[in-house]
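As stored in model.cif (mmCIF, C-alpha atoms):
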```cif
data_input
#
loop_
_atom_site.label_atom_id
_atom_site.label_comp_id
_atom_site.auth_asym_id
_atom_site.auth_seq_id
_atom_site.Cartn_x
_atom_site.Cartn_y
_atom_site.Cartn_z
CA MET A 577 0.00 0.00 0.00
CA ASP A 578 1.25 3.49 -0.89
CA TRP A 579 1.13 5.30 2.46
CA SER A 580 2.00 8.61 0.79
CA SER A 581 -1.38 8.63 -1.00
CA CYS A 582 -4.96 8.72 0.24
CA ILE A 583 -5.62 5.24 1.66
CA ILE A 584 -9.24 5.47 0.48
CA CYS A 585 -9.02 6.62 -3.16
CA GLY A 586 -5.30 5.96 -3.70
CA SER A 587 -4.63 9.44 -5.11
CA ARG A 588 -2.42 12.32 -4.01
CA LYS A 589 -4.12 14.83 -6.30
CA GLY A 590 -6.86 17.35 -5.54
CA GLU A 591 -7.40 18.54 -2.00
CA PRO A 592 -4.67 18.30 0.66
CA LEU A 593 -4.12 15.00 2.45
CA ARG A 594 -4.94 14.88 6.16
CA CYS A 595 -3.13 12.70 8.67
CA PRO A 596 -4.82 12.08 12.06
CA VAL A 597 -1.35 11.81 13.62
CA ASP A 598 -0.96 15.57 13.04
CA SER A 599 -4.36 16.44 14.52
CA PRO A 600 -4.22 18.33 17.84
CA HIS A 601 -7.81 17.46 18.79
CA LYS A 602 -7.92 13.77 19.73
CA GLY A 603 -5.75 10.65 19.64
CA CYS A 604 -4.95 9.44 16.15
CA GLU A 605 -5.42 5.78 17.13
CA GLN A 606 -9.00 6.54 18.16
CA VAL A 607 -9.66 8.14 14.75
CA TYR A 608 -8.13 5.20 12.86
CA LYS A 609 -9.99 2.68 15.03
CA ALA A 610 -13.34 4.42 14.42
CA PHE A 611 -12.63 4.47 10.67
CA LEU A 612 -11.87 0.73 10.52
CA GLN A 613 -14.97 -0.08 12.59
CA ASN A 614 -17.15 1.89 10.16
CA VAL A 615 -15.50 0.13 7.21
CA GLU A 616 -16.42 -3.26 8.68
CA GLN A 617 -20.03 -2.20 9.24
CA PHE A 618 -20.31 -0.85 5.68
CA LYS A 619 -19.08 -4.27 4.50
CA GLU A 620 -21.74 -6.01 6.60
CA PHE A 621 -24.42 -3.89 4.92
CA ASP A 622 -22.81 -4.55 1.51
CA ALA A 623 -22.71 -0.77 1.08
CA LEU A 624 -19.04 0.23 0.82
CA PRO A 625 -18.95 3.76 -0.68
CA VAL A 626 -15.73 2.93 -2.60
CA ASN A 627 -13.70 -0.18 -3.33
CA LEU A 628 -11.05 -0.19 -0.59
CA LYS A 629 -7.71 -1.96 -0.77
CA ILE A 630 -7.58 -2.25 3.02
CA GLY A 631 -7.56 -5.90 4.05
CA PRO A 632 -8.48 -7.47 7.41
CA GLU A 633 -4.80 -7.57 8.36
CA VAL A 634 -4.64 -3.77 8.53
CA SER A 635 -4.97 -2.58 12.13
CA PHE A 636 -5.32 0.89 13.58
CA GLU A 637 -1.82 0.48 15.04
CA LEU A 638 -0.43 -0.08 11.53
CA LEU A 639 -2.30 2.95 10.21
CA ALA A 640 -0.88 5.13 12.99
CA LYS A 641 2.63 3.76 12.55
CA SER A 642 2.46 4.34 8.77
CA ARG A 643 0.97 7.84 9.21
CA ALA A 644 -1.94 6.88 6.95
CA SER A 645 -3.59 9.92 5.34
CA TRP A 646 -6.81 10.64 3.47
CA HIS A 647 -8.70 13.39 1.70
CA LYS A 648 -11.39 14.97 3.86
CA SER A 649 -14.06 14.28 1.21
CA CYS A 650 -13.00 10.61 1.02
CA HIS A 651 -13.09 10.21 4.81
CA LEU A 652 -16.56 11.80 4.97
CA LYS A 653 -17.90 8.92 2.86
CA PHE A 654 -17.31 6.69 5.91
CA SER A 655 -18.82 9.08 8.47
CA ASN A 656 -21.30 7.94 11.11
CA SER A 657 -24.14 9.76 9.33
CA LYS A 658 -23.41 7.92 6.05
CA LEU A 659 -23.22 4.65 7.99
CA GLU A 660 -26.61 5.36 9.58
CA ARG A 661 -28.11 5.88 6.11
CA ALA A 662 -26.71 2.54 4.97
CA ARG A 663 -28.13 0.86 8.08
CA ASN A 664 -31.58 2.38 7.48
CA LYS A 665 -31.51 1.39 3.81
CA ARG A 666 -30.67 -2.19 4.79
CA LYS A 667 -33.65 -2.25 7.16
CA SER A 668 -35.85 -0.78 4.42
CA ASP A 669 -34.66 -3.41 1.93
CA ASP A 670 -35.41 -6.19 4.42
CA ASN A 671 -38.92 -4.82 4.93
CA GLN A 672 -39.40 -4.56 1.17
CA ASP A 673 -38.32 -8.19 0.75
CA GLU A 674 -41.03 -9.20 3.22
CA THR A 675 -43.55 -7.14 1.26
CA LEU A 676 -42.38 -8.77 -1.98
CA THR A 677 -43.02 -12.25 -0.57
CA ARG A 678 -46.53 -11.25 0.44
CA VAL A 679 -47.24 -9.48 -2.85
CA ARG A 680 -45.90 -12.35 -4.92
CA GLY A 681 -48.16 -14.84 -3.14
CA GLN A 682 -51.18 -12.63 -3.68
CA PHE A 683 -50.18 -11.89 -7.26
CA LEU A 684 -49.98 -15.56 -8.13
CA SER A 685 -53.32 -16.38 -6.58
CA SER A 686 -55.09 -13.30 -7.87
CA LYS A 687 -53.60 -10.68 -10.18
CA ALA A 688 -56.07 -8.04 -8.99
CA VAL A 689 -53.61 -6.54 -6.48
CA CYS A 690 -51.33 -3.52 -6.65
CA LEU A 691 -47.83 -4.25 -7.90
CA PHE A 692 -46.37 -1.87 -5.31
CA CYS A 693 -48.30 -2.48 -2.08
CA GLY A 694 -50.00 -5.83 -2.71
CA GLU A 695 -53.44 -4.51 -1.78
CA THR A 696 -56.69 -4.60 -3.73
CA GLY A 697 -58.84 -1.59 -4.55
CA ASP A 698 -59.22 0.86 -7.44
CA LEU A 699 -56.47 -0.50 -9.71
CA HIS A 700 -55.12 0.69 -13.06
CA GLU A 701 -53.72 -1.57 -15.77
CA VAL A 702 -50.38 -0.92 -17.47
CA MET A 703 -51.20 -0.23 -21.12
CA THR A 704 -47.85 0.88 -22.61
CA LEU A 705 -44.21 -0.15 -22.44
CA GLU A 706 -43.33 3.46 -21.64
CA VAL A 707 -44.84 2.99 -18.19
CA ASP A 708 -42.80 -0.20 -17.74
CA GLU A 709 -39.59 1.58 -18.76
CA LYS A 710 -40.33 4.49 -16.43
CA VAL A 711 -41.05 2.23 -13.43
CA ARG A 712 -38.04 0.02 -14.18
CA LYS A 713 -35.70 3.04 -14.34
CA MET A 714 -37.03 4.48 -11.08
CA ALA A 715 -36.67 1.11 -9.33
CA THR A 716 -33.09 0.80 -10.61
CA ASP A 717 -32.10 4.31 -9.52
CA LEU A 718 -33.65 3.78 -6.08
CA GLN A 719 -32.15 0.27 -5.81
CA ASP A 720 -35.62 -0.92 -4.78
CA SER A 721 -34.74 -4.61 -4.53
CA ALA A 722 -38.31 -5.74 -3.87
CA LEU A 723 -39.70 -4.02 -6.95
CA LEU A 724 -36.74 -5.04 -9.13
CA LYS A 725 -37.20 -8.70 -8.21
CA HIS A 726 -40.86 -8.48 -9.12
CA LEU A 727 -40.12 -6.79 -12.45
CA ALA A 728 -37.63 -9.56 -13.27
CA GLY A 729 -40.64 -11.71 -14.24
CA GLY A 730 -41.13 -9.70 -17.44
CA ASP A 731 -42.47 -6.36 -18.60
CA MET A 732 -45.48 -4.99 -16.74
CA ILE A 733 -47.84 -5.65 -19.63
CA ALA A 734 -46.76 -9.29 -19.94
CA ILE A 735 -47.28 -9.98 -16.22
CA GLU A 736 -50.57 -8.06 -16.31
CA ALA A 737 -49.39 -5.74 -13.54
CA LYS A 738 -51.86 -3.36 -11.92
CA TYR A 739 -51.30 -0.48 -9.55
CA HIS A 740 -52.93 2.16 -7.40
CA LYS A 741 -52.52 5.65 -8.78
CA LYS A 742 -51.43 6.79 -5.31
CA CYS A 743 -48.72 4.12 -5.16
CA MET A 744 -47.38 5.15 -8.57
CA THR A 745 -47.33 8.78 -7.39
CA ASN A 746 -45.45 7.77 -4.24
CA LEU A 747 -42.81 5.98 -6.31
CA THR A 748 -42.44 9.01 -8.59
CA ASN A 749 -42.04 11.33 -5.60
CA ARG A 750 -39.44 9.05 -4.03
CA HIS A 751 -37.48 9.04 -7.27
CA ARG A 752 -37.71 12.82 -7.62
CA ALA A 753 -36.41 13.27 -4.05
CA PHE A 754 -33.59 10.81 -4.75
CA LEU A 755 -32.47 12.76 -7.83
CA ARG A 756 -32.59 16.03 -5.93
CA GLN A 757 -30.53 14.59 -3.06
CA SER A 758 -27.98 13.10 -5.49
CA GLN A 759 -27.52 16.45 -7.22
CA ASP A 760 -27.12 18.25 -3.88
CA CYS A 761 -24.57 15.69 -2.72
CA GLN A 762 -22.52 15.94 -5.92
CA SER A 763 -22.63 19.73 -5.74
CA GLY A 764 -21.54 19.69 -2.09
CA GLU A 765 -18.60 17.36 -2.76
CA GLU A 766 -17.47 19.52 -5.70
CA ASP A 767 -17.67 22.68 -3.57
CA GLU A 768 -15.67 21.04 -0.79
CA LYS A 769 -13.01 19.99 -3.28
CA ASN A 770 -12.79 23.52 -4.72
CA GLU A 771 -12.58 25.02 -1.22
CA GLY A 772 -9.60 22.79 -0.53
CA ILE A 773 -7.94 23.88 -3.77
CA ALA A 774 -8.58 27.56 -2.96
CA PHE A 775 -6.95 27.17 0.46
CA VAL A 776 -3.91 25.44 -1.03
CA GLU A 777 -3.54 28.31 -3.50
CA LEU A 778 -3.78 30.82 -0.63
CA ILE A 779 -0.97 29.01 1.21
CA SER A 780 1.11 28.97 -1.98
CA PHE A 781 0.57 32.73 -2.30
CA MET A 782 1.84 33.24 1.26
CA GLU A 783 4.88 31.04 0.65
CA SER A 784 5.71 33.04 -2.48
CA PHE A 785 5.77 36.16 -0.29
CA ILE A 786 8.48 34.55 1.84
CA ASP A 787 10.50 33.74 -1.27
CA ASP A 788 10.28 37.42 -2.25
CA GLY A 789 11.56 38.49 1.17
CA LYS A 790 8.18 39.75 2.39
CA TYR A 791 6.97 38.54 5.75
CA VAL A 792 3.93 40.63 6.74
CA LEU A 793 0.37 40.14 5.42
CA THR A 794 -2.91 41.52 6.69
CA LEU A 795 -5.68 39.10 7.58
CA THR A 796 -8.09 41.28 5.58
CA GLU A 797 -5.98 40.81 2.46
CA LEU A 798 -5.76 37.03 2.91
CA HIS A 799 -9.48 36.80 3.66
CA GLN A 800 -10.38 38.69 0.48
CA LEU A 801 -7.98 36.65 -1.66
CA TYR A 802 -9.59 33.44 -0.41
CA ILE A 803 -13.13 34.73 -1.06
CA ASN A 804 -12.15 35.87 -4.58
CA ARG A 805 -10.72 32.44 -5.39
CA LEU A 806 -13.88 30.73 -4.14
CA GLN A 807 -15.98 33.00 -6.35
CA ASP A 808 -13.77 32.09 -9.32
CA CYS A 809 -14.75 28.48 -8.61
CA GLY A 810 -18.45 29.44 -8.53
CA ILE A 811 -18.75 29.26 -4.73
CA LYS A 812 -20.52 32.15 -3.04
CA LYS A 813 -20.48 31.84 0.73
CA GLU A 814 -19.62 33.73 3.89
CA VAL A 815 -16.12 32.93 5.14
CA ASN A 816 -15.44 33.38 8.85
CA GLY A 817 -12.21 35.37 9.16
CA THR A 818 -11.31 33.95 12.57
CA ARG A 819 -11.64 30.36 11.34
CA LEU A 820 -9.60 31.14 8.25
CA LYS A 821 -6.91 32.69 10.47
CA SER A 822 -6.84 29.54 12.64
CA ARG A 823 -6.44 27.33 9.57
CA ILE A 824 -3.56 29.48 8.34
CA LEU A 825 -1.79 29.48 11.72
CA THR A 826 -2.24 25.70 11.98
CA HIS A 827 -0.63 25.28 8.57
CA PHE A 828 2.45 27.22 9.69
CA PRO A 829 3.05 25.88 13.23
CA GLY A 830 5.76 27.87 14.99
CA LYS A 831 6.50 29.91 11.86
CA LEU A 832 3.71 32.47 11.87
CA GLN A 833 2.31 34.76 14.56
CA GLU A 834 -0.51 37.23 14.87
CA GLN A 835 0.03 40.91 15.63
CA SER A 836 -2.68 43.56 16.00
CA ASP A 837 -2.94 47.26 16.78
CA GLY A 838 -6.62 46.94 17.63
CA LYS A 839 -7.76 47.71 14.10
CA THR A 840 -5.59 45.74 11.71
CA VAL A 841 -4.71 42.08 12.22
CA LEU A 842 -1.33 41.13 10.77
CA GLN A 843 0.04 37.70 10.00
CA VAL A 844 3.80 37.99 10.52
CA PHE A 845 6.32 35.26 9.74
CA ASN A 846 9.02 34.83 12.38
CA GLU A 847 11.72 35.94 9.93
CA GLY A 848 9.79 39.16 9.41
CA MET A 849 9.40 39.71 13.15
CA ALA A 850 13.15 39.44 13.63
CA SER A 851 13.72 41.93 10.82
CA ILE A 852 11.23 44.39 12.36
CA LEU A 853 12.93 44.14 15.78
CA ARG A 854 16.37 44.72 14.25
CA GLU A 855 15.07 47.80 12.45
CA GLU A 856 13.47 49.16 15.63
CA LEU A 857 16.66 48.61 17.60
CA TRP A 858 18.63 50.39 14.90
CA ASN A 859 16.25 53.36 15.00
CA MET A 860 16.35 53.52 18.80
CA ILE A 861 20.07 53.02 19.42
CA MET A 862 22.29 53.34 16.38
CA LYS A 863 20.53 55.99 14.31
CA PRO A 864 20.70 58.77 16.99
CA MET A 865 24.44 58.18 17.23
CA LEU A 866 25.01 58.92 13.54
#
```

Please express the file's structure as structure tokens.
Amino acid sequence: MDWSSCIICGSRKGEPLRCPVDSPHKGCEQVYKAFLQNVEQFKEFDALPVNLKIGPEVSFELLAKSRASWHKSCHLKFSNSKLERARNKRKSDDNQDETLTRVRGQFLSSKAVCLFCGETGDLHEVMTLEVDEKVRKMATDLQDSALLKHLAGGDMIAIEAKYHKKCMTNLTNRHRAFLRQSQDCQSGEEDEKNEGIAFVELISFMESFIDDGKYVLTLTELHQLYINRLQDCGIKKEVNGTRLKSRILTHFPGKLQEQSDGKTVLQVFNEGMASILREELWNMIMKPML
């Protein structure tokens, strides 16, 4: 395994890699252990977000020793909230399988039941293959295992399927909500990726200042540069200046310090601070003697 790459997607490109060993918040072994536990549960639900190359022999001790890293967006795919969704979907699929068994028995004995709920009532017949294609696509997108198993018997006209109008509407609404959620999720992941890129470019800008022999930057300037880069990526959002400052200081541990006169907040590299002190000492001691 390439420990210098993201252990989830295997890439070093895109957003910066994060290593729990470097986190000041909580023990890295606890983070690695929680990650591996979630991976195992995703496997139990047959719902791994990505195809991992992590085998059962990989322990949290090995991850810590190897300083395993990941992209934030990759790690979020194994979060507790995503795991809870997978757990709920598994429960839903199990319930749907029970419904399928009941519907199939009723359907074989009497076809005058709803394809979706298995109940009788005011039913509509499927008259065109367009309806079959529409229902089949929605079932596939939703991964509705119960409905897909039932549709495996043939097209809805051939199996003389019938349905309640309300049940068809419910399926359509579920599919519409699924598409909307998928689009929001994709948009959110893309924004998060672009935010990471914008921050990396901001850090590169600051490092270029050092190379040019400049060591003092205002927080206002850095804040505006970051916002402008986000807007270039199509992201319009409020950026908390204090949080941005904390991220910057964390990126330059022991190399950068904050100075303020009550109005302007400066980010001063240590080399710059030494230069400022030398200049002040010169003005106070040596210059009057000339």

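If you look at CA of Met744 (chain A) and CA of Gln759 (chain A), they are 22.9 Å away from each other.
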
Query - Residues near region 664-666 of chain A, cut-off 10 Å, only C-alpha atoms, skip fewer than 2 positions along chain, as a ChimeraX atom specification - result: /A:620-623,658-662,668-672,719-720

Query raised in the report: Which is closer to Ala640 (chain A) than all the others in A:Arg663, A:Lys813, A:Arg588, A:Lys609, using all atoms listed in the file?
Result: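 Of all the options, A:Lys609 lies closest to Ala640 (chain A).
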
Report task. Find, counting only C-alpha atoms, the residue in A:Pro600, A:Ala734, A:Val776, A:Ser657 that gets nearest to Asp708 (chain A). Result ->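 Among A:Pro600, A:Ala734, A:Val776, A:Ser657, it is A:Ala734 that comes nearest to Asp708 (chain A).
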
Query raised in the report: For the atom pair CA of Lys710 (chain A) and CA of Thr696 (chain A), what is the interatomic distance in Å to one decimal place?
Result: 22.6 Å

Proximity of region 749-787 of chain A to region 714-717 of chain A: per-residue shortest pair, 9 Å limit, all atoms listed in the file, as JSON lines:
```
{"residue": "A:Arg750", "atom": "CA", "partner": "A:Met714", "partner_atom": "CA", "distance": 8.7}
{"residue": "A:His751", "atom": "CA", "partner": "A:Met714", "partner_atom": "CA", "distance": 6.0}
{"residue": "A:Phe754", "atom": "CA", "partner": "A:Asp717", "partner_atom": "CA", "distance": 8.2}
{"residue": "A:Leu755", "atom": "CA", "partner": "A:Asp717", "partner_atom": "CA", "distance": 8.6}
```

I'd like the neighbourhood of Lys648 (chain A) as a compact mmCIF listing (two decimals) with C-alpha atoms, keeping the file's coordinate frame, where a residue qualifies if any of its atoms comes within 10 Å (using all atoms listed in the file), though same-chain residues fewer than 3 positions away should be ignored.
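For reference, result-v5.txt as written:
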```txt
# COMPACT_ATOMS: atom_id res chain seq x y z
CA CYS A 582 -4.96 8.72 0.24
CA GLU A 591 -7.40 18.54 -2.00
CA PRO A 592 -4.67 18.30 0.66
CA LEU A 593 -4.12 15.00 2.45
CA ARG A 594 -4.94 14.88 6.16
CA CYS A 595 -3.13 12.70 8.67
CA SER A 645 -3.59 9.92 5.34
CA HIS A 651 -13.09 10.21 4.81
CA LEU A 652 -16.56 11.80 4.97
CA LYS A 653 -17.90 8.92 2.86
CA GLU A 768 -15.67 21.04 -0.79
CA LYS A 769 -13.01 19.99 -3.28
CA GLY A 772 -9.60 22.79 -0.53
```

Query raised in the report: If we count all atoms listed in the file, what is near Cys604 (chain A) at a cut-off of 12 Å, once residues fewer than 2 positions away on the same chain are taken out, given as a list in words?
Result: Arg594, Cys595, Pro596, Val597, Asp598, Ser599, Pro600, His601, Lys602, Gln606, Val607, Tyr608, Lys609, Ala610, Phe611, Phe636, Glu637, Leu638, Leu639, Ala640, Lys641, Ser642, Arg643, Ala644 and Ser645 of chain A

Requested in this report: Extract, using all atoms listed in the file, all DNA, RNA and protein residues at most 10 Å from region 778-788 of chain A, discarding same-chain residues fewer than 6 positions from it, and format them as a PyMOL selection string.
Outcome: chain A and resi 772+798-799+801-802+805+824+827-828+843+845+847-848

Requested in this report: Take CA of Gln833 (chain A) and CA of Asn846 (chain A) and report the distance between them in Å, one decimal.
Outcome: 7.1 Å

Mind giving me the axis-aligned box for region 729-741 of chain A with 4 Å on every side, centre plus edges in Å to one decimal, as AutoDock Vina command-line options?
```
--center_x -46.8 --center_y -3.0 --center_z -13.7 --size_x 20.3 --size_y 25.4 --size_z 20.5
```

Query raised in the report: Mind telling me what the PyMOL selection byres ((chain A and resi 816) around 12) catches here, as a ChimeraX atom specification?
Result: /A:795-796,798-800,802-803,813-815,817-823

Report task. Tell me which residues the PyMOL selection byres ((chain A and resi 577) around 10) grabs here, as a PyMOL selection string. Result -> chain A and resi 578-581+583+586+629-630+644

Report task. Excluding Val615 (chain A) and any residue of its chain fewer than 4 positions from it, enumerate the residues within 8 Å of it, using only C-alpha atoms, and give them as a ChimeraX atom specification. Result -> /A:611,619,624,654
